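Trainee: First, the structure itself, so that you have it in front of you.
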Amino acid sequence: DLVQQLEMIQSTQGLTDSQIGELDYSRAVLLYWSGDIAAACAMFERADKAQLGLGTIKGQLQIYLALCRTMQGERDLALQGIAALKSLDAGKRGALASRLAGAEFYAQYIGIATAAASKAAARLAMISSTDFDSEHVRAWANYMQGLVLLNTGRFNKAASKFDLAMEGIGQVEYQARIDILVGKILCLAHLREWDKLEAEFLRLESLALAPQMDEARAQLLASVRARSALLHADVETAIELAQELPELPAVGTLMFWLEEPAITRIRVDLARGERAFASMALKAISAIRVGTVAQHLLCQDIDLMLLEAVAREQLAEPAKAQALIEEALALAAPASWCRPFQELGDALNPLLQRSAANVEYRDFLSVQCGLG
């Protein structure tokens with residue numbers, strides 16, 4: 001691969017400054033997806049100092065650097081770096097500009113800053129439709145817009161964006177292709193368009209049966225089917241599908257993707273309504289939240305906070321459950337981040353009815369979430 005090629009050149013001939021930057025970038029990508037965010041960030045920052053020009057590689061590096069910094073609690077630093085490069089790029093609308101818009105999107109989306117994330121995704125869409133005609137960038141723009149629309153409960157509009165993203169699905173990276181299809185499935189499930197789901201499941205299965213297919217992909221397929229079954233109030237099917245789902249996420253998988261099998265397993269365990277399974281779910285939630293809190297993955301943590309509230313309610317810990325509900329509302333309501341509340345639905349109603357926050361966030365809960 002590229003890392004091995006550059007390391008061989010480095011050991012025999014030496015590398016130019018730009019080649020050293022590319023090597024550091026490639027090493028950092030491997031570190032990032034291995035879950036070592038701190039080491040990846042240091043390596044990306046070193047690569048960023050190399051003479052990489054103002055093209056695609058520089059832009060890709062900024063996406064990863066923004067992700068790393070945001071996940072280490074340095075979102076302001078991430079946004080400052082993006083703004084500085086925007087100035088250097090002098091308002092151009094090419095490869096670098098498109099990547100900077102993507103970097104800004106993820107820095108905002110991870111922290112559920114939905115208005116700013118929507119603005120970044122809209123800029124990416126504008127770039128792809130004007131000066132920089134790229135099917136790859138258009139697919140990413142539609143996918144990013146779909147993510148915000150899905151999590152803010154606008155399922156019809158989100159489904160349309162995921163459909164548009166599918167038109168260029170062959171142009172985007174493999175995991176993003178899966179996420180686009182998962183997004184469409186979740187929209188249909190929330191819209192209760194059950195007759196359309198099977199075609200999307202088959203499409204996802206055909207994609208997942210590509211050469212990259214492995215145990216993790218099989219788990220993902222079972223996970224999204226189980227999650228859809230829960231939305232259909234079919235707990236029995238969800239339980240059957242969830243039997244092989246992992247208790248904890250694999251290393252490097254809990255980022256910003258829409259489907260995490262370990263979290264779906266928690267959903268299914270809580271849907272059983274049994275104390276023993278609630279206790280197991282709470283143990284898994286606590287372990288996963290160590291990561292989501294440390295890495296500032298609020299886009300995942302809102303779901304986990306609500307799931308923990310349900311678990312503690314089932315375990316007769318009402319005060320702790322109430323505190324979690326109120327914390328989640330304080331974070332989610334200003335961003336209209338309502339999908340996690342809608343997904344849990346009736347399981348939250350007993351907690352909401354006892355909460356003073358039910359009055360404070362009445363519009364969010366009743367109008368956007370359909371609860372309370």
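Residues are referred to by chain and number: the chain letter is A, B, ... according to the order shown in the structure tokens, the number counts from 1 in that chain, and ligands are numbered separately from 1 in the order shown.
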Skipping near chain neighbours, those fewer than 2 positions away, what residues fall within 8 Å of A:Leu204 using only C-alpha atoms, listed as a JSON list (two decimals) with all heavy atoms, in the first residue's frame?
Mentor:
```json
[["chain", "number", "residue", "atom", "x", "y", "z"],
["A", 178, "ILE", "N", -22.88, 2.34, 3.12],
["A", 178, "ILE", "CA", -23.72, 1.62, 4.08],
["A", 178, "ILE", "C", -24.58, 2.60, 4.87],
["A", 178, "ILE", "O", -25.78, 2.40, 5.05],
["A", 178, "ILE", "CB", -22.85, 0.77, 5.01],
["A", 178, "ILE", "CG1", -22.22, -0.40, 4.24],
["A", 178, "ILE", "CG2", -23.67, 0.23, 6.19],
["A", 178, "ILE", "CD1", -21.25, -1.22, 5.05],
["A", 181, "LEU", "N", -27.64, 3.97, 3.04],
["A", 181, "LEU", "CA", -28.74, 3.00, 2.98],
["A", 181, "LEU", "C", -29.40, 2.82, 4.34],
["A", 181, "LEU", "O", -30.63, 2.71, 4.44],
["A", 181, "LEU", "CB", -28.22, 1.66, 2.45],
["A", 181, "LEU", "CG", -27.82, 1.67, 0.96],
["A", 181, "LEU", "CD1", -27.03, 0.43, 0.61],
["A", 181, "LEU", "CD2", -29.06, 1.79, 0.08],
["A", 182, "VAL", "N", -28.60, 2.80, 5.40],
["A", 182, "VAL", "CA", -29.16, 2.71, 6.75],
["A", 182, "VAL", "C", -30.04, 3.94, 7.02],
["A", 182, "VAL", "O", -31.13, 3.82, 7.59],
["A", 182, "VAL", "CB", -28.04, 2.61, 7.81],
["A", 182, "VAL", "CG1", -28.60, 2.80, 9.22],
["A", 182, "VAL", "CG2", -27.34, 1.26, 7.71],
["A", 200, "GLU", "N", -35.21, -1.97, 0.47],
["A", 200, "GLU", "CA", -34.01, -1.29, 0.97],
["A", 200, "GLU", "C", -33.10, -2.25, 1.73],
["A", 200, "GLU", "O", -31.87, -2.16, 1.66],
["A", 200, "GLU", "CB", -34.40, -0.10, 1.86],
["A", 200, "GLU", "CG", -35.24, 0.95, 1.15],
["A", 200, "GLU", "CD", -34.56, 1.53, -0.08],
["A", 200, "GLU", "OE1", -33.32, 1.58, -0.13],
["A", 200, "GLU", "OE2", -35.29, 1.95, -1.00],
["A", 201, "PHE", "N", -33.71, -3.19, 2.48],
["A", 201, "PHE", "CA", -32.90, -4.21, 3.15],
["A", 201, "PHE", "C", -32.11, -5.02, 2.12],
["A", 201, "PHE", "O", -30.92, -5.31, 2.31],
["A", 201, "PHE", "CB", -33.78, -5.15, 3.97],
["A", 201, "PHE", "CG", -34.25, -4.58, 5.27],
["A", 201, "PHE", "CD1", -35.58, -4.68, 5.65],
["A", 201, "PHE", "CD2", -33.37, -3.94, 6.13],
["A", 201, "PHE", "CE1", -36.01, -4.16, 6.86],
["A", 201, "PHE", "CE2", -33.80, -3.41, 7.34],
["A", 201, "PHE", "CZ", -35.13, -3.53, 7.71],
["A", 202, "LEU", "N", -32.77, -5.41, 1.04],
["A", 202, "LEU", "CA", -32.10, -6.20, 0.00],
["A", 202, "LEU", "C", -30.97, -5.40, -0.64],
["A", 202, "LEU", "O", -29.91, -5.95, -0.95],
["A", 202, "LEU", "CB", -33.11, -6.64, -1.06],
["A", 202, "LEU", "CG", -34.15, -7.68, -0.58],
["A", 202, "LEU", "CD1", -35.19, -7.93, -1.67],
["A", 202, "LEU", "CD2", -33.45, -8.98, -0.19],
["A", 206, "SER", "N", -27.10, -6.52, -0.54],
["A", 206, "SER", "CA", -26.30, -6.71, -1.75],
["A", 206, "SER", "C", -25.01, -5.91, -1.67],
["A", 206, "SER", "O", -23.97, -6.34, -2.15],
["A", 206, "SER", "CB", -27.10, -6.30, -2.99],
["A", 206, "SER", "OG", -27.35, -4.90, -2.99],
["A", 207, "LEU", "N", -25.07, -4.75, -1.02],
["A", 207, "LEU", "CA", -23.86, -3.95, -0.83],
["A", 207, "LEU", "C", -22.94, -4.61, 0.18],
["A", 207, "LEU", "O", -21.74, -4.72, -0.03],
["A", 207, "LEU", "CB", -24.24, -2.55, -0.35],
["A", 207, "LEU", "CG", -23.08, -1.59, -0.03],
["A", 207, "LEU", "CD1", -22.27, -1.31, -1.29],
["A", 207, "LEU", "CD2", -23.60, -0.29, 0.55],
["A", 208, "ALA", "N", -23.52, -5.09, 1.26],
["A", 208, "ALA", "CA", -22.71, -5.68, 2.31],
["A", 208, "ALA", "C", -22.12, -7.03, 1.92],
["A", 208, "ALA", "O", -21.20, -7.50, 2.56],
["A", 208, "ALA", "CB", -23.53, -5.84, 3.58],
["A", 221, "LEU", "N", -26.12, -5.83, 9.44],
["A", 221, "LEU", "CA", -27.37, -6.17, 8.77],
["A", 221, "LEU", "C", -28.43, -6.62, 9.76],
["A", 221, "LEU", "O", -29.59, -6.19, 9.71],
["A", 221, "LEU", "CB", -27.13, -7.27, 7.73],
["A", 221, "LEU", "CG", -26.29, -6.87, 6.51],
["A", 221, "LEU", "CD1", -25.91, -8.10, 5.70],
["A", 221, "LEU", "CD2", -27.04, -5.87, 5.65]]
```
Trainee: List as a list in words the protein and nucleic acid residues near A:Asn151, meaning an atom at most 10 Å away when only C-alpha atoms are counted, but skip any in the same chain fewer than 2 places from it.
Mentor: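 My list of contacting residues is Ile112, Thr114, Gly146, Leu147, Val148, Leu149, Gly153, Arg154, Phe155, Ala158, Gly183, Cys187, Leu258, Cys299, Ala335, Ser336, Trp337, Cys338, Arg339, Pro340, Phe341 and Gln342 of chain A.
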Trainee: Selection from above, N, CA and C atoms, as a JSON list (two decimals), in the first residue's frame, can you write it?
Mentor:
```
[["chain", "number", "residue", "atom", "x", "y", "z"],
["A", 112, "ILE", "N", -23.80, 18.02, 17.77],
["A", 112, "ILE", "CA", -25.21, 18.32, 17.44],
["A", 112, "ILE", "C", -25.49, 19.82, 17.32],
["A", 114, "THR", "N", -26.77, 21.64, 15.00],
["A", 114, "THR", "CA", -27.46, 21.31, 13.76],
["A", 114, "THR", "C", -27.55, 22.48, 12.77],
["A", 146, "GLY", "N", -28.94, 14.73, 4.72],
["A", 146, "GLY", "CA", -29.85, 13.70, 5.20],
["A", 146, "GLY", "C", -29.63, 13.38, 6.66],
["A", 147, "LEU", "N", -28.38, 13.38, 7.11],
["A", 147, "LEU", "CA", -28.07, 13.10, 8.52],
["A", 147, "LEU", "C", -28.74, 14.11, 9.45],
["A", 148, "VAL", "N", -28.63, 15.38, 9.11],
["A", 148, "VAL", "CA", -29.23, 16.42, 9.96],
["A", 148, "VAL", "C", -30.75, 16.32, 9.94],
["A", 149, "LEU", "N", -31.30, 16.14, 8.75],
["A", 149, "LEU", "CA", -32.76, 16.04, 8.63],
["A", 149, "LEU", "C", -33.31, 14.83, 9.39],
["A", 153, "GLY", "N", -35.81, 14.88, 12.92],
["A", 153, "GLY", "CA", -37.16, 14.37, 12.77],
["A", 153, "GLY", "C", -37.88, 14.70, 11.48],
["A", 154, "ARG", "N", -37.15, 15.19, 10.48],
["A", 154, "ARG", "CA", -37.79, 15.53, 9.20],
["A", 154, "ARG", "C", -37.55, 14.36, 8.24],
["A", 155, "PHE", "N", -38.29, 13.28, 8.47],
["A", 155, "PHE", "CA", -37.97, 12.01, 7.84],
["A", 155, "PHE", "C", -38.26, 11.98, 6.33],
["A", 158, "ALA", "N", -35.42, 13.89, 4.76],
["A", 158, "ALA", "CA", -34.20, 13.11, 4.92],
["A", 158, "ALA", "C", -34.17, 11.96, 3.91],
["A", 183, "GLY", "N", -29.57, 5.11, 6.61],
["A", 183, "GLY", "CA", -30.36, 6.32, 6.79],
["A", 183, "GLY", "C", -31.71, 6.23, 6.12],
["A", 187, "CYS", "N", -35.45, 6.19, 7.98],
["A", 187, "CYS", "CA", -36.51, 7.12, 7.60],
["A", 187, "CYS", "C", -37.81, 6.38, 7.32],
["A", 258, "LEU", "N", -24.63, 5.86, 11.67],
["A", 258, "LEU", "CA", -26.01, 5.77, 12.12],
["A", 258, "LEU", "C", -26.34, 4.45, 12.81],
["A", 299, "CYS", "N", -23.47, 13.23, 19.27],
["A", 299, "CYS", "CA", -24.39, 12.67, 18.29],
["A", 299, "CYS", "C", -24.74, 11.22, 18.62],
["A", 335, "ALA", "N", -31.14, 22.13, 19.78],
["A", 335, "ALA", "CA", -30.70, 21.71, 18.45],
["A", 335, "ALA", "C", -31.80, 21.00, 17.66],
["A", 336, "SER", "N", -33.00, 20.89, 18.26],
["A", 336, "SER", "CA", -34.11, 20.13, 17.65],
["A", 336, "SER", "C", -33.72, 18.69, 17.33],
["A", 337, "TRP", "N", -32.83, 18.14, 18.15],
["A", 337, "TRP", "CA", -32.31, 16.77, 17.93],
["A", 337, "TRP", "C", -33.32, 15.79, 18.53],
["A", 338, "CYS", "N", -34.38, 15.50, 17.80],
["A", 338, "CYS", "CA", -35.52, 14.80, 18.36],
["A", 338, "CYS", "C", -35.59, 13.32, 18.00],
["A", 339, "ARG", "N", -34.85, 12.86, 17.00],
["A", 339, "ARG", "CA", -34.95, 11.46, 16.57],
["A", 339, "ARG", "C", -34.74, 10.46, 17.71],
["A", 340, "PRO", "N", -33.75, 10.63, 18.61],
["A", 340, "PRO", "CA", -33.59, 9.66, 19.70],
["A", 340, "PRO", "C", -34.82, 9.56, 20.61],
["A", 341, "PHE", "N", -35.51, 10.68, 20.84],
["A", 341, "PHE", "CA", -36.71, 10.68, 21.66],
["A", 341, "PHE", "C", -37.84, 9.97, 20.93],
["A", 342, "GLN", "N", -37.96, 10.24, 19.64],
["A", 342, "GLN", "CA", -39.01, 9.59, 18.85],
["A", 342, "GLN", "C", -38.78, 8.08, 18.77]]
```
Trainee: Between A:Arg225, A:Lys320, A:Arg192, A:Arg75, which one has atoms that come closest to A:Glu205, using only C-alpha atoms?
Mentor: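 Among the listed residues, the smallest separation from A:Glu205 belongs to A:Arg225.
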Trainee: One decimal, Å: what's the distance from atom CA of A:Gly81 over to atom CA of A:Leu65, could you say?
Mentor: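 Separation of atom CA of A:Gly81 and atom CA of A:Leu65: 9.0 Å.
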Trainee: Using only C-alpha atoms, which residues sit within 10 Å of A:Val235 once same-chain residues fewer than 6 positions away are excluded, as a list in words?
Mentor: Ala226, Arg227, Ala229, Leu241, Val268, Asp269, Ala271 and Arg272 of chain A
Trainee: Those residues with N, CA, C and O atoms, as a PDB file, in the first residue's frame please?
Mentor:
```pdb
ATOM      1  N   ALA A 226     -33.153  -5.444  13.270  1.00  0.00           N
ATOM      2  CA  ALA A 226     -33.695  -5.483  14.632  1.00  0.00           C
ATOM      3  C   ALA A 226     -34.221  -4.118  15.048  1.00  0.00           C
ATOM      4  O   ALA A 226     -35.291  -4.009  15.673  1.00  0.00           O
ATOM      5  N   ARG A 227     -33.494  -3.096  14.711  1.00  0.00           N
ATOM      6  CA  ARG A 227     -33.901  -1.736  15.078  1.00  0.00           C
ATOM      7  C   ARG A 227     -35.206  -1.354  14.380  1.00  0.00           C
ATOM      8  O   ARG A 227     -36.099  -0.747  14.987  1.00  0.00           O
ATOM      9  N   ALA A 229     -37.444  -3.502  13.411  1.00  0.00           N
ATOM     10  CA  ALA A 229     -38.483  -4.313  14.048  1.00  0.00           C
ATOM     11  C   ALA A 229     -38.982  -3.646  15.328  1.00  0.00           C
ATOM     12  O   ALA A 229     -40.193  -3.648  15.613  1.00  0.00           O
ATOM     13  N   LEU A 241     -33.232 -11.418  16.114  1.00  0.00           N
ATOM     14  CA  LEU A 241     -32.163 -10.830  15.295  1.00  0.00           C
ATOM     15  C   LEU A 241     -30.981 -10.376  16.139  1.00  0.00           C
ATOM     16  O   LEU A 241     -29.837 -10.374  15.666  1.00  0.00           O
ATOM     17  N   VAL A 268     -32.808  -3.561  22.279  1.00  0.00           N
ATOM     18  CA  VAL A 268     -33.597  -4.795  22.328  1.00  0.00           C
ATOM     19  C   VAL A 268     -33.693  -5.311  23.761  1.00  0.00           C
ATOM     20  O   VAL A 268     -34.766  -5.722  24.218  1.00  0.00           O
ATOM     21  N   ASP A 269     -32.589  -5.291  24.502  1.00  0.00           N
ATOM     22  CA  ASP A 269     -32.610  -5.751  25.891  1.00  0.00           C
ATOM     23  C   ASP A 269     -33.609  -4.952  26.724  1.00  0.00           C
ATOM     24  O   ASP A 269     -34.353  -5.503  27.545  1.00  0.00           O
ATOM     25  N   ALA A 271     -36.218  -3.345  25.544  1.00  0.00           N
ATOM     26  CA  ALA A 271     -37.582  -3.591  25.046  1.00  0.00           C
ATOM     27  C   ALA A 271     -38.198  -4.834  25.687  1.00  0.00           C
ATOM     28  O   ALA A 271     -39.425  -4.980  25.712  1.00  0.00           O
ATOM     29  N   ARG A 272     -37.375  -5.729  26.218  1.00  0.00           N
ATOM     30  CA  ARG A 272     -37.896  -6.917  26.903  1.00  0.00           C
ATOM     31  C   ARG A 272     -38.636  -6.536  28.187  1.00  0.00           C
ATOM     32  O   ARG A 272     -39.535  -7.257  28.631  1.00  0.00           O
TER      33      ARG A 272
END
```
Trainee: Which residues come within 9 Å of A:Ile266, counting only C-alpha atoms, excluding same-chain residues fewer than 4 positions away, as a PyMOL selection string?
Mentor: chain A and resi 247+261-262+270-271+277-278+280-282+284-285+307
Trainee: May I have the residues from that selection written out with C-alpha atoms, as a tab-separated table (two decimals), in the first residue's frame?
Mentor:
```
chain	number	residue	atom	x	y	z
A	247	GLU	CA	-22.17	-6.33	23.76
A	261	PRO	CA	-24.95	-3.04	16.65
A	262	ALA	CA	-23.95	-2.86	20.31
A	270	LEU	CA	-34.58	-2.80	27.26
A	271	ALA	CA	-37.58	-3.59	25.05
A	277	PHE	CA	-31.86	-7.51	30.86
A	278	ALA	CA	-32.09	-3.91	32.06
A	280	MET	CA	-27.14	-6.05	31.40
A	281	ALA	CA	-28.09	-3.06	29.26
A	282	LEU	CA	-26.98	-0.60	31.94
A	284	ALA	CA	-23.10	-2.00	28.43
A	285	ILE	CA	-24.31	1.62	28.36
A	307	LEU	CA	-31.35	4.49	26.99
```
Trainee: Which residue is closest to A:Gly102? Choose from A:Lys49, A:Arg203, A:His190, A:Arg138 and count only C-alpha atoms.
Mentor: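 Checking each of A:Lys49, A:Arg203, A:His190, A:Arg138 against A:Gly102, counting only C-alpha atoms, the winner is A:Arg138.
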Trainee: If you run DSSP on this backbone, which residues of stretch 10-225 of chain A come out as helix (DSSP H, G or I), and could you give them as an mmCIF file with C-alpha atoms, in the first residue's frame?
Mentor:
```
data_model
loop_
_atom_site.group_PDB
_atom_site.id
_atom_site.type_symbol
_atom_site.label_atom_id
_atom_site.label_comp_id
_atom_site.auth_asym_id
_atom_site.auth_seq_id
_atom_site.Cartn_x
_atom_site.Cartn_y
_atom_site.Cartn_z
ATOM 1 C CA GLN A 10 12.271 6.749 2.733
ATOM 2 C CA SER A 11 14.646 3.956 3.760
ATOM 3 C CA THR A 12 16.449 3.829 0.402
ATOM 4 C CA ASP A 17 8.831 17.257 2.423
ATOM 5 C CA SER A 18 5.524 16.649 0.635
ATOM 6 C CA GLN A 19 6.116 12.876 0.558
ATOM 7 C CA ILE A 20 6.865 12.890 4.293
ATOM 8 C CA GLY A 21 3.588 14.748 4.773
ATOM 9 C CA GLU A 22 1.719 12.142 2.718
ATOM 10 C CA LEU A 23 3.354 9.341 4.732
ATOM 11 C CA ASP A 24 2.398 10.977 8.021
ATOM 12 C CA TYR A 25 -1.145 11.487 6.721
ATOM 13 C CA SER A 26 -1.478 7.826 5.698
ATOM 14 C CA ARG A 27 -0.134 6.632 9.045
ATOM 15 C CA ALA A 28 -2.524 8.958 10.859
ATOM 16 C CA VAL A 29 -5.534 7.573 8.973
ATOM 17 C CA LEU A 30 -4.641 4.075 10.172
ATOM 18 C CA LEU A 31 -4.292 5.344 13.735
ATOM 19 C CA TYR A 32 -7.639 7.124 13.554
ATOM 20 C CA TRP A 33 -9.576 4.057 12.459
ATOM 21 C CA ILE A 37 -7.508 9.484 18.344
ATOM 22 C CA ALA A 38 -4.787 11.282 20.329
ATOM 23 C CA ALA A 39 -1.933 9.664 18.373
ATOM 24 C CA ALA A 40 -3.779 10.215 15.097
ATOM 25 C CA CYS A 41 -4.292 13.891 15.913
ATOM 26 C CA ALA A 42 -0.582 14.398 16.637
ATOM 27 C CA MET A 43 0.328 12.691 13.360
ATOM 28 C CA PHE A 44 -2.232 14.694 11.341
ATOM 29 C CA GLU A 45 -0.909 17.920 12.876
ATOM 30 C CA ARG A 46 2.626 16.952 11.841
ATOM 31 C CA ALA A 47 1.433 16.141 8.322
ATOM 32 C CA ASP A 48 -0.372 19.477 8.180
ATOM 33 C CA THR A 56 -7.401 17.099 -2.292
ATOM 34 C CA ILE A 57 -4.889 15.578 0.146
ATOM 35 C CA LYS A 58 -4.695 18.819 2.125
ATOM 36 C CA GLY A 59 -8.483 18.865 2.222
ATOM 37 C CA GLN A 60 -8.826 15.233 3.306
ATOM 38 C CA LEU A 61 -6.294 15.892 6.041
ATOM 39 C CA GLN A 62 -8.429 18.782 7.307
ATOM 40 C CA ILE A 63 -11.476 16.525 7.604
ATOM 41 C CA TYR A 64 -9.575 14.069 9.777
ATOM 42 C CA LEU A 65 -7.866 16.824 11.742
ATOM 43 C CA ALA A 66 -11.224 18.455 12.458
ATOM 44 C CA LEU A 67 -12.646 15.102 13.576
ATOM 45 C CA CYS A 68 -9.690 14.403 15.855
ATOM 46 C CA ARG A 69 -9.677 17.846 17.422
ATOM 47 C CA THR A 70 -13.429 17.809 17.954
ATOM 48 C CA MET A 71 -13.276 14.357 19.517
ATOM 49 C CA ARG A 75 -13.876 22.010 18.361
ATOM 50 C CA ASP A 76 -13.015 25.721 18.428
ATOM 51 C CA LEU A 77 -9.443 24.891 17.403
ATOM 52 C CA ALA A 78 -10.780 22.685 14.613
ATOM 53 C CA LEU A 79 -12.988 25.487 13.303
ATOM 54 C CA GLN A 80 -10.137 28.007 13.553
ATOM 55 C CA GLY A 81 -7.946 25.771 11.413
ATOM 56 C CA ILE A 82 -10.692 25.427 8.822
ATOM 57 C CA ALA A 83 -11.270 29.200 8.747
ATOM 58 C CA ALA A 84 -7.544 29.867 8.276
ATOM 59 C CA LEU A 85 -7.390 27.556 5.269
ATOM 60 C CA LYS A 86 -10.537 29.093 3.809
ATOM 61 C CA SER A 87 -8.698 32.411 3.782
ATOM 62 C CA LEU A 88 -5.684 30.860 2.077
ATOM 63 C CA ASP A 89 -7.966 29.245 -0.494
ATOM 64 C CA ALA A 95 -11.373 20.223 -4.110
ATOM 65 C CA LEU A 96 -9.981 21.943 -1.022
ATOM 66 C CA ALA A 97 -13.085 24.075 -0.494
ATOM 67 C CA SER A 98 -15.303 20.991 -0.684
ATOM 68 C CA ARG A 99 -13.222 19.176 1.935
ATOM 69 C CA LEU A 100 -13.189 22.201 4.215
ATOM 70 C CA ALA A 101 -16.991 22.286 4.077
ATOM 71 C CA GLY A 102 -17.023 18.585 4.961
ATOM 72 C CA ALA A 103 -14.597 19.164 7.824
ATOM 73 C CA GLU A 104 -16.768 21.964 9.186
ATOM 74 C CA PHE A 105 -19.851 19.761 8.897
ATOM 75 C CA TYR A 106 -18.398 16.986 11.031
ATOM 76 C CA ALA A 107 -16.967 19.366 13.621
ATOM 77 C CA GLN A 108 -20.493 20.730 14.085
ATOM 78 C CA TYR A 109 -22.498 17.528 13.600
ATOM 79 C CA THR A 114 -27.463 21.308 13.756
ATOM 80 C CA ALA A 115 -27.850 24.832 12.358
ATOM 81 C CA ALA A 116 -24.121 25.187 11.707
ATOM 82 C CA ALA A 117 -23.884 21.625 10.353
ATOM 83 C CA SER A 118 -26.769 22.311 7.949
ATOM 84 C CA LYS A 119 -25.046 25.456 6.745
ATOM 85 C CA ALA A 120 -21.812 23.558 6.065
ATOM 86 C CA ALA A 121 -23.664 20.803 4.197
ATOM 87 C CA ALA A 122 -25.517 23.420 2.128
ATOM 88 C CA ARG A 123 -22.196 25.039 1.232
ATOM 89 C CA LEU A 124 -20.877 21.658 0.131
ATOM 90 C CA ALA A 125 -23.964 21.173 -2.042
ATOM 91 C CA MET A 126 -23.480 24.623 -3.563
ATOM 92 C CA ILE A 127 -19.819 23.922 -4.346
ATOM 93 C CA SER A 128 -20.719 20.624 -6.040
ATOM 94 C CA SER A 129 -23.379 22.260 -8.204
ATOM 95 C CA GLU A 135 -20.643 13.413 -8.311
ATOM 96 C CA HIS A 136 -18.583 12.283 -5.306
ATOM 97 C CA VAL A 137 -19.019 15.636 -3.541
ATOM 98 C CA ARG A 138 -22.730 15.833 -4.427
ATOM 99 C CA ALA A 139 -23.312 12.408 -2.879
ATOM 100 C CA TRP A 140 -21.527 13.462 0.315
ATOM 101 C CA ALA A 141 -23.487 16.741 0.457
ATOM 102 C CA ASN A 142 -26.831 14.960 0.131
ATOM 103 C CA TYR A 143 -25.775 12.359 2.693
ATOM 104 C CA MET A 144 -24.730 15.042 5.184
ATOM 105 C CA GLN A 145 -27.957 16.966 4.686
ATOM 106 C CA GLY A 146 -29.849 13.701 5.201
ATOM 107 C CA LEU A 147 -28.075 13.103 8.518
ATOM 108 C CA VAL A 148 -29.226 16.420 9.958
ATOM 109 C CA LEU A 149 -32.759 16.045 8.630
ATOM 110 C CA LEU A 150 -33.050 12.507 10.037
ATOM 111 C CA ASN A 151 -31.886 13.459 13.510
ATOM 112 C CA PHE A 155 -37.973 12.006 7.839
ATOM 113 C CA ASN A 156 -39.587 12.673 4.453
ATOM 114 C CA LYS A 157 -36.992 15.284 3.547
ATOM 115 C CA ALA A 158 -34.200 13.111 4.916
ATOM 116 C CA ALA A 159 -35.355 10.157 2.799
ATOM 117 C CA SER A 160 -35.256 12.362 -0.309
ATOM 118 C CA LYS A 161 -31.697 13.442 0.477
ATOM 119 C CA PHE A 162 -30.587 9.844 1.018
ATOM 120 C CA ASP A 163 -32.215 8.942 -2.322
ATOM 121 C CA LEU A 164 -30.192 11.678 -4.025
ATOM 122 C CA ALA A 165 -27.051 10.450 -2.285
ATOM 123 C CA MET A 166 -27.755 6.960 -3.635
ATOM 124 C CA GLU A 167 -27.512 8.298 -7.179
ATOM 125 C CA ILE A 169 -23.376 5.937 -4.071
ATOM 126 C CA GLY A 170 -20.689 4.271 -6.143
ATOM 127 C CA GLN A 171 -18.568 7.400 -5.771
ATOM 128 C CA TYR A 174 -17.669 1.998 1.478
ATOM 129 C CA GLN A 175 -18.781 2.806 5.035
ATOM 130 C CA ALA A 176 -20.581 5.930 3.830
ATOM 131 C CA ARG A 177 -22.465 3.824 1.257
ATOM 132 C CA ILE A 178 -23.722 1.620 4.076
ATOM 133 C CA ASP A 179 -24.691 4.643 6.160
ATOM 134 C CA ILE A 180 -26.674 6.179 3.296
ATOM 135 C CA LEU A 181 -28.740 3.000 2.976
ATOM 136 C CA VAL A 182 -29.156 2.714 6.745
ATOM 137 C CA GLY A 183 -30.359 6.319 6.792
ATOM 138 C CA LYS A 184 -33.013 5.580 4.184
ATOM 139 C CA ILE A 185 -34.161 2.478 6.108
ATOM 140 C CA LEU A 186 -34.478 4.436 9.361
ATOM 141 C CA CYS A 187 -36.511 7.123 7.598
ATOM 142 C CA LEU A 188 -38.935 4.546 6.192
ATOM 143 C CA ALA A 189 -39.250 2.848 9.586
ATOM 144 C CA HIS A 190 -40.021 6.134 11.330
ATOM 145 C CA TRP A 194 -43.223 -0.910 6.076
ATOM 146 C CA ASP A 195 -44.030 -2.084 2.536
ATOM 147 C CA LYS A 196 -40.978 -0.244 1.185
ATOM 148 C CA LEU A 197 -38.495 -1.541 3.731
ATOM 149 C CA GLU A 198 -37.720 -4.953 2.271
ATOM 150 C CA ALA A 199 -36.399 -3.505 -0.994
ATOM 151 C CA GLU A 200 -34.010 -1.288 0.973
ATOM 152 C CA PHE A 201 -32.897 -4.209 3.148
ATOM 153 C CA LEU A 202 -32.101 -6.196 -0.001
ATOM 154 C CA ARG A 203 -30.157 -3.267 -1.388
ATOM 155 C CA LEU A 204 -28.162 -3.013 1.830
ATOM 156 C CA GLU A 205 -27.530 -6.762 1.852
ATOM 157 C CA SER A 206 -26.304 -6.709 -1.748
ATOM 158 C CA LEU A 207 -23.862 -3.953 -0.834
ATOM 159 C CA ALA A 208 -22.708 -5.682 2.313
ATOM 160 C CA GLU A 215 -18.649 -10.720 10.704
ATOM 161 C CA ALA A 216 -19.048 -7.027 11.462
ATOM 162 C CA ARG A 217 -21.071 -6.508 8.281
ATOM 163 C CA ALA A 218 -23.336 -9.449 9.135
ATOM 164 C CA GLN A 219 -23.903 -7.924 12.557
ATOM 165 C CA LEU A 220 -24.742 -4.576 11.007
ATOM 166 C CA LEU A 221 -27.372 -6.165 8.765
ATOM 167 C CA ALA A 222 -28.970 -7.936 11.733
ATOM 168 C CA SER A 223 -28.759 -4.733 13.752
ATOM 169 C CA VAL A 224 -30.603 -2.494 11.325
ATOM 170 C CA ARG A 225 -33.301 -5.149 10.848
#
```
Trainee: Determine the nearest neighbour of A:Gly273 from the options A:Arg312, A:Gly168, A:Arg362, A:Asp214, counting only C-alpha atoms.
Mentor: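 For A:Gly273, the nearest of the candidates is A:Arg312.
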Trainee: Smallest atom-to-atom distance to A:Leu315: which of A:Ala330, A:Ala276, A:Ala50, A:Val172, using only C-alpha atoms?
Mentor: A:Ala276
Trainee: What separation in Å, quoted to one decimal, exists between atom CA of A:Leu352 and atom CA of A:Ala333?
Mentor: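 Atom CA of A:Ala333 lies 13.8 Å from atom CA of A:Leu352.
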